[in-house]
Structures are given as C-alpha cells and as structure tokens.
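Written out below as structure tokens is the structure these notes cover.
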Amino acid sequence: MLTETLVRLGLQVAVVCPGSRSAPLAIALSQQSGLEAIPVLDERSAAFFALGLAKQTRRPTALVCTSGTAGANFFPAVIEARESRVPLLVLTADRPPELRDCNAGQTVDQQKLFGSFVNWYHEVATPTADAAQLAYLRQTAIHAWERTQHPVAGAVHLNLPFRDPLAPVPQPDVMALRASVDEARFFANVFANVGQADGVPEQWRDSDLTQLLLSLSPRGLIIAGIAQFSSATAAQAHCRAIARLSHSLGFPVLAEGLSPLRNYARLNPYLVSSYDTLLRDPDLATELAPEGVLRIGEMPTSKELRSWLERTQPQQWVVDEGDRNLDPLHLRTVHLRSSVQQLAASLPSPPAPPTDYLKRWLQAETDCWQQQRESLRSLDSLIEAKTAWVLSQCLPPETPLVIANSTVVRYVEWFWEPGDRAIQPFCNRGANGIDGTLSTALGIAHGNQPSVLLTGDLALLHDTNGFLLRPRLRGHLTIVLINNRGGGIFENLPIAQFEPPFEEFFATPQSVDFAALCATYGIAHELVHTWEQLAQALKVLPSEGIRVLELQCDRKLNARWLAQRTPR
C-alpha cells in the first residue's frame, strides 16, 4: 500500500540499494506498476544519482537502503538537497525496536539520522495486518510526499522497521486484509501532485475550485477548529469567510468552543455548537453521518466528534496554510494549503438552497440548546460544568478570555452558547498541557483590556509563581477558579472506577487554602456561593490588578451530572 500510494501521488522513479532488511521495500517497488525501480550498488553514488534525477524532473525521487551504516552514506546528498531545494524521499529500512540496543547485527541508531537537514522525519510504525494501520500508512505517505515539496523542496526521511519474514512469503492475515480493501474508496483522496505550492491537486489546477468543494456531496459539513486572533477585525474576517463557505455550499458549520464563530453567531445562521451532545445519541449520530467534511484548521477538542468521524470515515479536506499534517484520525484526507479567506473568495456569492441534511442539523441544534438552556438555568448548585455557560452569558463584550486545558476547555466546547459578544478566546492547545496557564493569561492581559482566566485548581497551582508578575502587570486579570480539589478530568475516564489507586495517583487532591495563597501574593480573593454572585462580579471588570473568584465544587457530583447529558 505504501508504494501504491506513492505512485498515485506521482512517484515515477525509485533508486534502490541492495540489502536484506530493505527487502520488503525493494520487492514492492520493483513490482509496482507505473514505477521505474533502478538498483544501484553504492549508497553514496545512489543518493547523488537520485538527486540528479530529482533536479532534472523537479519531482521527488525515492531513495531506498537497508539498515545499519547504509543510510549514513546518503548524508552528503541529503545536505545538498536541503541547500539546493531538491525534493527527495529517503526510505531507510531498520530493525524493529526489540532488536535495537542489544547487539543485534547491522543495527545503529537511525532516529533522525539526518538531523535538521530534512524537511520532515518520521519513524513508520512496524507493519501489522490491520485496516487502521493501512489508513495511517496512506496518510503518512501523503504527508511525506507533500513535505518533499512544501513549503520548500527538500528531503524527507521515513525510517521503516521490519520484522521477519522479509521475503514475500504468503501470510493469510495479510491476504485477507488485502482482499477486504475497497481500493477505489481507500485511495479516493490520493491525487497526483498534492503538495505543490498552491496545495491544489493537479486534477483541479485548471478548473473552478468550486467544483472541488462541491464534490464533497450534499451530505457535507464544515468543521471550524481552533482559531485565535489578536484583534476583533481579524476574528470577524475569519468568521465572514467561513459564513460565505457555508452559504455557498449549503453546509452546517460545527464550531469548536475556541473558534471565534461562537462569539459572532449572527454572521452564520448555519452554526452548530451542540455537536458533542448530539453525537452522544447513537441513532442521531447515524442519521447525521456525513459523506464529506471541509475542516478549517485543527481538529476540535471533542472526543465524541473524533470518534464519530472515525466510525463514519468521510472524505475530508483540511484547509490550513501551514505544512503540518492535521489529521490525527488518518481519514481519507487532502490538505489544501490555502487560507479560508482565499478559499471563500473563489466561491460564488449566491447561497446554495438548504438541503434536508442541513435542516436536520439546524433543528437538532435548536432542540438541544433549548433543552440545555433550561437545564442550566434551573441548576442552582455549583456544578462546575455550568461555569462556561455563565461566562458566555455575562462577560463584557470583546473580553479576552484565557481558557485552561484539561477539563475546563471541554466545558467551553460543551456549554459555551453562541452569541454576539465578540469574546476573544485563547488557550494553549499546541501541546494541550496545563504548564504556565497563569503566566500566559497575565501575558495576554498585560497592556490589554481587562481579561479573564477560566481555570481549575491544579492548573493554577502548577503556575502560582506567575503571581510574582503582579507588580509588573499593566492591566487587569480576573481568575475564575473552579476548585474541585483535584483533577476533575479523570472522573470522566474509566480509571475512576479503580480505587485505589484513583484518588491518590490520578485525582491528586490538594488541600490549598486559596484565600491564604492570594493573601501571600497580595491578590484580591472572593469566595463565590451562587451563580448570581458570579455573574454580578463579571458584568464590569476592574481596570487593574489581579483578583480570584473561587467556586468550590464537588467533582464527583459534577461527573454524575455530566453522565446524564444525552439529548432526548
């Protein structure tokens, strides 16, 4: 499947050096229809020969060798490819992990062998006869091919470990898997020349990009992922562009809580924000299954959404100007290296007529929010999940809102009701950690309008040294602190059923007196007893200093409340 994918992407020539561990690659390449496989004895010569081919054709050439020192002989040519901007795809065979660092023959450390001289490096998983593995391999090959050419040409290194047998011995499980694959569907997202400068496959290079998008089928939807902007003007431009896409295509827009779309709801009547709740209903999830997805940026936080996409396996187009692989699900995905504004500008202005599929989504959204709104309004006890909804209703317009990771960011995705307050959401979703939450929020608040941080107790405790910045802060930060005395996110995971060791090693409860902690740093502190008190404290934000609004919550009671969250 690796070689088939590469040929469909446009690979025409592979230069293959002899060796035992690379036998699976050599055999597959030599037998692959539509590919010229050229054997070359000396690795150093082979590498420069491949470089010359790539220079001549301006197309990536594959370069293959066995394990051990063989790959090191490619290094001079890889450096030249880097400096000359020549596309090379280097495939080094390797021993599997269990045969490394144990004196196995012809085995050296091949991890990132070429250092910073390659555009991208990846160690491919050891082969197994599994359908999900095939999808991963296809998407890895697509991304590797793209990175040989975008954003600039250069070498990409894939290290491929193989276990015995290395010869093409018939294996029943492999043969059964091959027979079960629908090749037309499996390779539907593999196009020649994906990765060129404009990010558009060759088939559409001379035709209207509208036709490319309309190929998603009437059962299509837009997923708007995380997007963070430093100005309202930029946020509005992003929202207007997605609204134009939505209207032109007639697609609903599933908007992540960290997308500005939820805070400019009037711009897009096709907005859907309750998808995480809706998809918990198995029958509704089946009814709403898409055939095509146009995703803007990164995947949203929702685990329900991710699982649903994995089950339904739609064709997916990901719009992103960068060079990253943004497909952790390994769907049938094509990356369009474009901005959403450029994409929207290519579409006609007249809106597409609403489809039954669109209407069903919008009706489900209306019904779900009516139910959720009534439930949240009637909830008097301090169930922490309600905090995000209260903030969506009462923060001053255009407030910069910093959202901690772990449980809090999920509350925003689940319960941030769309509105038109132009709130500016920020969150450290690059690595999804709780490190530096307070200090990040202070950096956003410094020299800015009054800002708010929504955080749990562990995330705040992890960065209390950030309070040392108080004398330097020009501006104001209000910290809405959900104190549930531990890691609430783990209450929603299967590990919560195992006690011990759950409470001590996962929930990790802390007994910090936050009023005393705030007093130590000269920080204002207020203990919140009711939702009305919280809303009143947030209606008008102070102009300077730091204050903490603490809600003391019961994480186990919160987990039981969340478990009931399924639409009727």
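Following the order of the structure tokens, first chain is A, next is B, and so on, with residues numbered from 1 inside each chain and ligands from 1 in the order they appear.
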Quiz prompt | Nearby residues (only C-alpha atoms) at most 9 Å from Val412 (chain A), same-chain spacing under 6 positions excluded, as a VMD selection string | solution = chain A and resid 256 to 258 385 387 to 389 392 403
Quiz item: Just asking: which residues within region 32-181 of chain A are strand (DSSP E) according to DSSP, as a ChimeraX atom specification?
Solution: /A:36-39,61-65,88-94,120-123,155-161
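Taking only C-alpha atoms, the non-local environment of region 527-537 of chain A within 7 Å (same-chain residues fewer than 3 positions away omitted) comprises Val390, Cys394, Val540, Leu549, Glu550 and Leu551 of chain A.
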Practice problem: Determine, counting only C-alpha atoms, which protein, DNA and RNA residues have an atom within 9 Å of an atom of region 252-254 of chain A; residues of the same chain fewer than 4 positions away are not included. Present the result as number ranges by chain. | Solution: A: 220-225, 242-243, 246-247, 268-275, 357-359, 361-362
Quiz item: Which polymer residues have any atom within 10 Å of an atom of Cys553 (chain A), counting only C-alpha atoms, with same-chain residues fewer than 6 positions away left out, as JSON, numbers by chain?
Solution: {"A": [381, 382, 383, 384, 385, 482, 483, 484, 485]}
Exercise. Give me the residues within 6 Å of region 82-99 of chain A as an MDAnalysis selection string, counting only C-alpha atoms and dropping any in the same chain fewer than 4 places off.
Key: chainID A and resid 21:22 60:67 104 117 148:149 153:163
Atoms to include: N, CA and C atoms. Write the selected residues as a PDB file, in the first residue's frame.
ATOM      1  N   ARG A  21      17.389  -6.147   5.050  1.00  0.00           N
ATOM      2  CA  ARG A  21      16.304  -5.576   5.834  1.00  0.00           C
ATOM      3  C   ARG A  21      15.358  -4.748   4.958  1.00  0.00           C
ATOM      4  N   SER A  22      15.848  -4.237   3.866  1.00  0.00           N
ATOM      5  CA  SER A  22      15.014  -3.434   2.962  1.00  0.00           C
ATOM      6  C   SER A  22      14.310  -4.273   1.909  1.00  0.00           C
ATOM      7  N   PRO A  60       9.882  14.545  -6.796  1.00  0.00           N
ATOM      8  CA  PRO A  60      10.578  13.735  -5.801  1.00  0.00           C
ATOM      9  C   PRO A  60      11.010  12.384  -6.368  1.00  0.00           C
ATOM     10  N   THR A  61      12.215  11.978  -6.028  1.00  0.00           N
ATOM     11  CA  THR A  61      12.723  10.648  -6.340  1.00  0.00           C
ATOM     12  C   THR A  61      12.859   9.893  -5.029  1.00  0.00           C
ATOM     13  N   ALA A  62      12.455   8.621  -5.006  1.00  0.00           N
ATOM     14  CA  ALA A  62      12.609   7.809  -3.800  1.00  0.00           C
ATOM     15  C   ALA A  62      14.000   7.192  -3.766  1.00  0.00           C
ATOM     16  N   LEU A  63      14.540   7.077  -2.568  1.00  0.00           N
ATOM     17  CA  LEU A  63      15.890   6.562  -2.359  1.00  0.00           C
ATOM     18  C   LEU A  63      15.821   5.564  -1.211  1.00  0.00           C
ATOM     19  N   VAL A  64      16.218   4.304  -1.469  1.00  0.00           N
ATOM     20  CA  VAL A  64      15.976   3.217  -0.520  1.00  0.00           C
ATOM     21  C   VAL A  64      17.286   2.536  -0.146  1.00  0.00           C
ATOM     22  N   CYS A  65      17.409   2.197   1.152  1.00  0.00           N
ATOM     23  CA  CYS A  65      18.565   1.416   1.590  1.00  0.00           C
ATOM     24  C   CYS A  65      18.188   0.531   2.765  1.00  0.00           C
ATOM     25  N   THR A  66      19.107  -0.360   3.133  1.00  0.00           N
ATOM     26  CA  THR A  66      18.906  -1.277   4.240  1.00  0.00           C
ATOM     27  C   THR A  66      19.304  -0.612   5.557  1.00  0.00           C
ATOM     28  N   SER A  67      19.302  -1.407   6.634  1.00  0.00           N
ATOM     29  CA  SER A  67      19.625  -0.862   7.967  1.00  0.00           C
ATOM     30  C   SER A  67      21.139  -0.781   8.168  1.00  0.00           C
ATOM     31  N   ALA A 104      22.294  -6.570  18.248  1.00  0.00           N
ATOM     32  CA  ALA A 104      21.843  -7.213  17.018  1.00  0.00           C
ATOM     33  C   ALA A 104      22.674  -6.692  15.848  1.00  0.00           C
ATOM     34  N   PHE A 117      18.632  18.593   8.454  1.00  0.00           N
ATOM     35  CA  PHE A 117      18.785  18.741   7.006  1.00  0.00           C
ATOM     36  C   PHE A 117      17.601  18.194   6.217  1.00  0.00           C
ATOM     37  N   THR A 148       8.103  16.873   0.871  1.00  0.00           N
ATOM     38  CA  THR A 148       9.261  16.960  -0.022  1.00  0.00           C
ATOM     39  C   THR A 148       9.207  18.199  -0.905  1.00  0.00           C
ATOM     40  N   GLN A 149       8.013  18.822  -0.986  1.00  0.00           N
ATOM     41  CA  GLN A 149       7.824  19.944  -1.912  1.00  0.00           C
ATOM     42  C   GLN A 149       7.311  21.222  -1.263  1.00  0.00           C
ATOM     43  N   ALA A 153      11.105  22.802  -1.348  1.00  0.00           N
ATOM     44  CA  ALA A 153      11.555  21.459  -1.693  1.00  0.00           C
ATOM     45  C   ALA A 153      12.733  21.047  -0.828  1.00  0.00           C
ATOM     46  N   GLY A 154      12.843  19.751  -0.579  1.00  0.00           N
ATOM     47  CA  GLY A 154      13.930  19.222   0.231  1.00  0.00           C
ATOM     48  C   GLY A 154      13.718  17.747   0.476  1.00  0.00           C
ATOM     49  N   ALA A 155      14.537  17.172   1.343  1.00  0.00           N
ATOM     50  CA  ALA A 155      14.458  15.746   1.627  1.00  0.00           C
ATOM     51  C   ALA A 155      13.505  15.473   2.787  1.00  0.00           C
ATOM     52  N   VAL A 156      12.824  14.342   2.706  1.00  0.00           N
ATOM     53  CA  VAL A 156      12.021  13.805   3.804  1.00  0.00           C
ATOM     54  C   VAL A 156      12.553  12.417   4.104  1.00  0.00           C
ATOM     55  N   HIS A 157      12.673  12.096   5.384  1.00  0.00           N
ATOM     56  CA  HIS A 157      13.216  10.805   5.800  1.00  0.00           C
ATOM     57  C   HIS A 157      12.153   9.994   6.525  1.00  0.00           C
ATOM     58  N   LEU A 158      11.825   8.838   5.965  1.00  0.00           N
ATOM     59  CA  LEU A 158      10.973   7.863   6.644  1.00  0.00           C
ATOM     60  C   LEU A 158      11.826   6.669   7.037  1.00  0.00           C
ATOM     61  N   ASN A 159      11.850   6.352   8.322  1.00  0.00           N
ATOM     62  CA  ASN A 159      12.560   5.168   8.815  1.00  0.00           C
ATOM     63  C   ASN A 159      11.532   4.052   9.000  1.00  0.00           C
ATOM     64  N   LEU A 160      11.761   2.904   8.351  1.00  0.00           N
ATOM     65  CA  LEU A 160      10.755   1.843   8.315  1.00  0.00           C
ATOM     66  C   LEU A 160      11.288   0.557   8.939  1.00  0.00           C
ATOM     67  N   PRO A 161      10.894   0.247  10.161  1.00  0.00           N
ATOM     68  CA  PRO A 161      11.329  -1.015  10.781  1.00  0.00           C
ATOM     69  C   PRO A 161      10.531  -2.198  10.249  1.00  0.00           C
ATOM     70  N   PHE A 162      11.207  -3.311  10.017  1.00  0.00           N
ATOM     71  CA  PHE A 162      10.552  -4.525   9.524  1.00  0.00           C
ATOM     72  C   PHE A 162      10.953  -5.716  10.377  1.00  0.00           C
ATOM     73  N   ARG A 163       9.970  -6.561  10.695  1.00  0.00           N
ATOM     74  CA  ARG A 163      10.236  -7.844  11.340  1.00  0.00           C
ATOM     75  C   ARG A 163      10.281  -8.946  10.271  1.00  0.00           C
TER      76      ARG A 163
END
Quiz item: Leaving out Gly486 (chain A) and any residue of its chain fewer than 2 positions from it, which residues lie within 9 Å of it when counting only C-alpha atoms, given as a list of chain:residue names?
Solution: A:Gly456, A:Asp457, A:Leu458, A:Asn483, A:Asn484, A:Gly488, A:Ile489, A:Glu503, A:Phe506, A:Ala507, A:Thr508, A:Pro509, A:Gln510, A:Arg555
Quiz item: So which one's closest to Trp308 (chain A), A:Ala519, A:Asp281, A:Leu562, A:Arg295? Using only C-alpha atoms, please.
Solution: A:Asp281
Quiz item: Of the candidates A:Glu183, A:Glu417, A:Glu304, A:Asp323, which one gets nearest to Arg8 (chain A) if we count only C-alpha atoms?
Solution: A:Glu183
Self-check item: Every residue of region 115-159 of chain A that DSSP places in alpha helix (DSSP H), as JSON, numbers by chain
Solution: {"A": [131, 132, 133, 134, 135, 136, 137, 138, 139, 140, 141, 142, 143, 144, 145, 146, 147]}
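Of the residues listed (A:Thr464, A:Arg240, A:Gly19, A:Pro24), A:Gly19 shows the shortest atom-to-atom separation from Gln106 (chain A); distances use only C-alpha atoms.
Using only C-alpha atoms, the nearest neighbour of Cys239 (chain A) within the list A:Asp513, A:Asp435, A:Asp420, A:Glu43 is A:Asp420.
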Exercise. Grab the CA of Phe191 (chain A) to CA of Gly10 (chain A) distance for me, in Å with one decimal place.
Key: 7.9 Å
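Candidate residues A:Gln111, A:Asn103, A:Thr140, A:Asn448 were compared for distance to Pro328 (chain A), and the nearest is A:Thr140, using only C-alpha atoms.
Take the candidates A:Asn465, A:Thr286, A:Gln56, A:Ser543 and check each one against Cys518 (chain A) using only C-alpha atoms; the shortest distance goes to A:Asn465.
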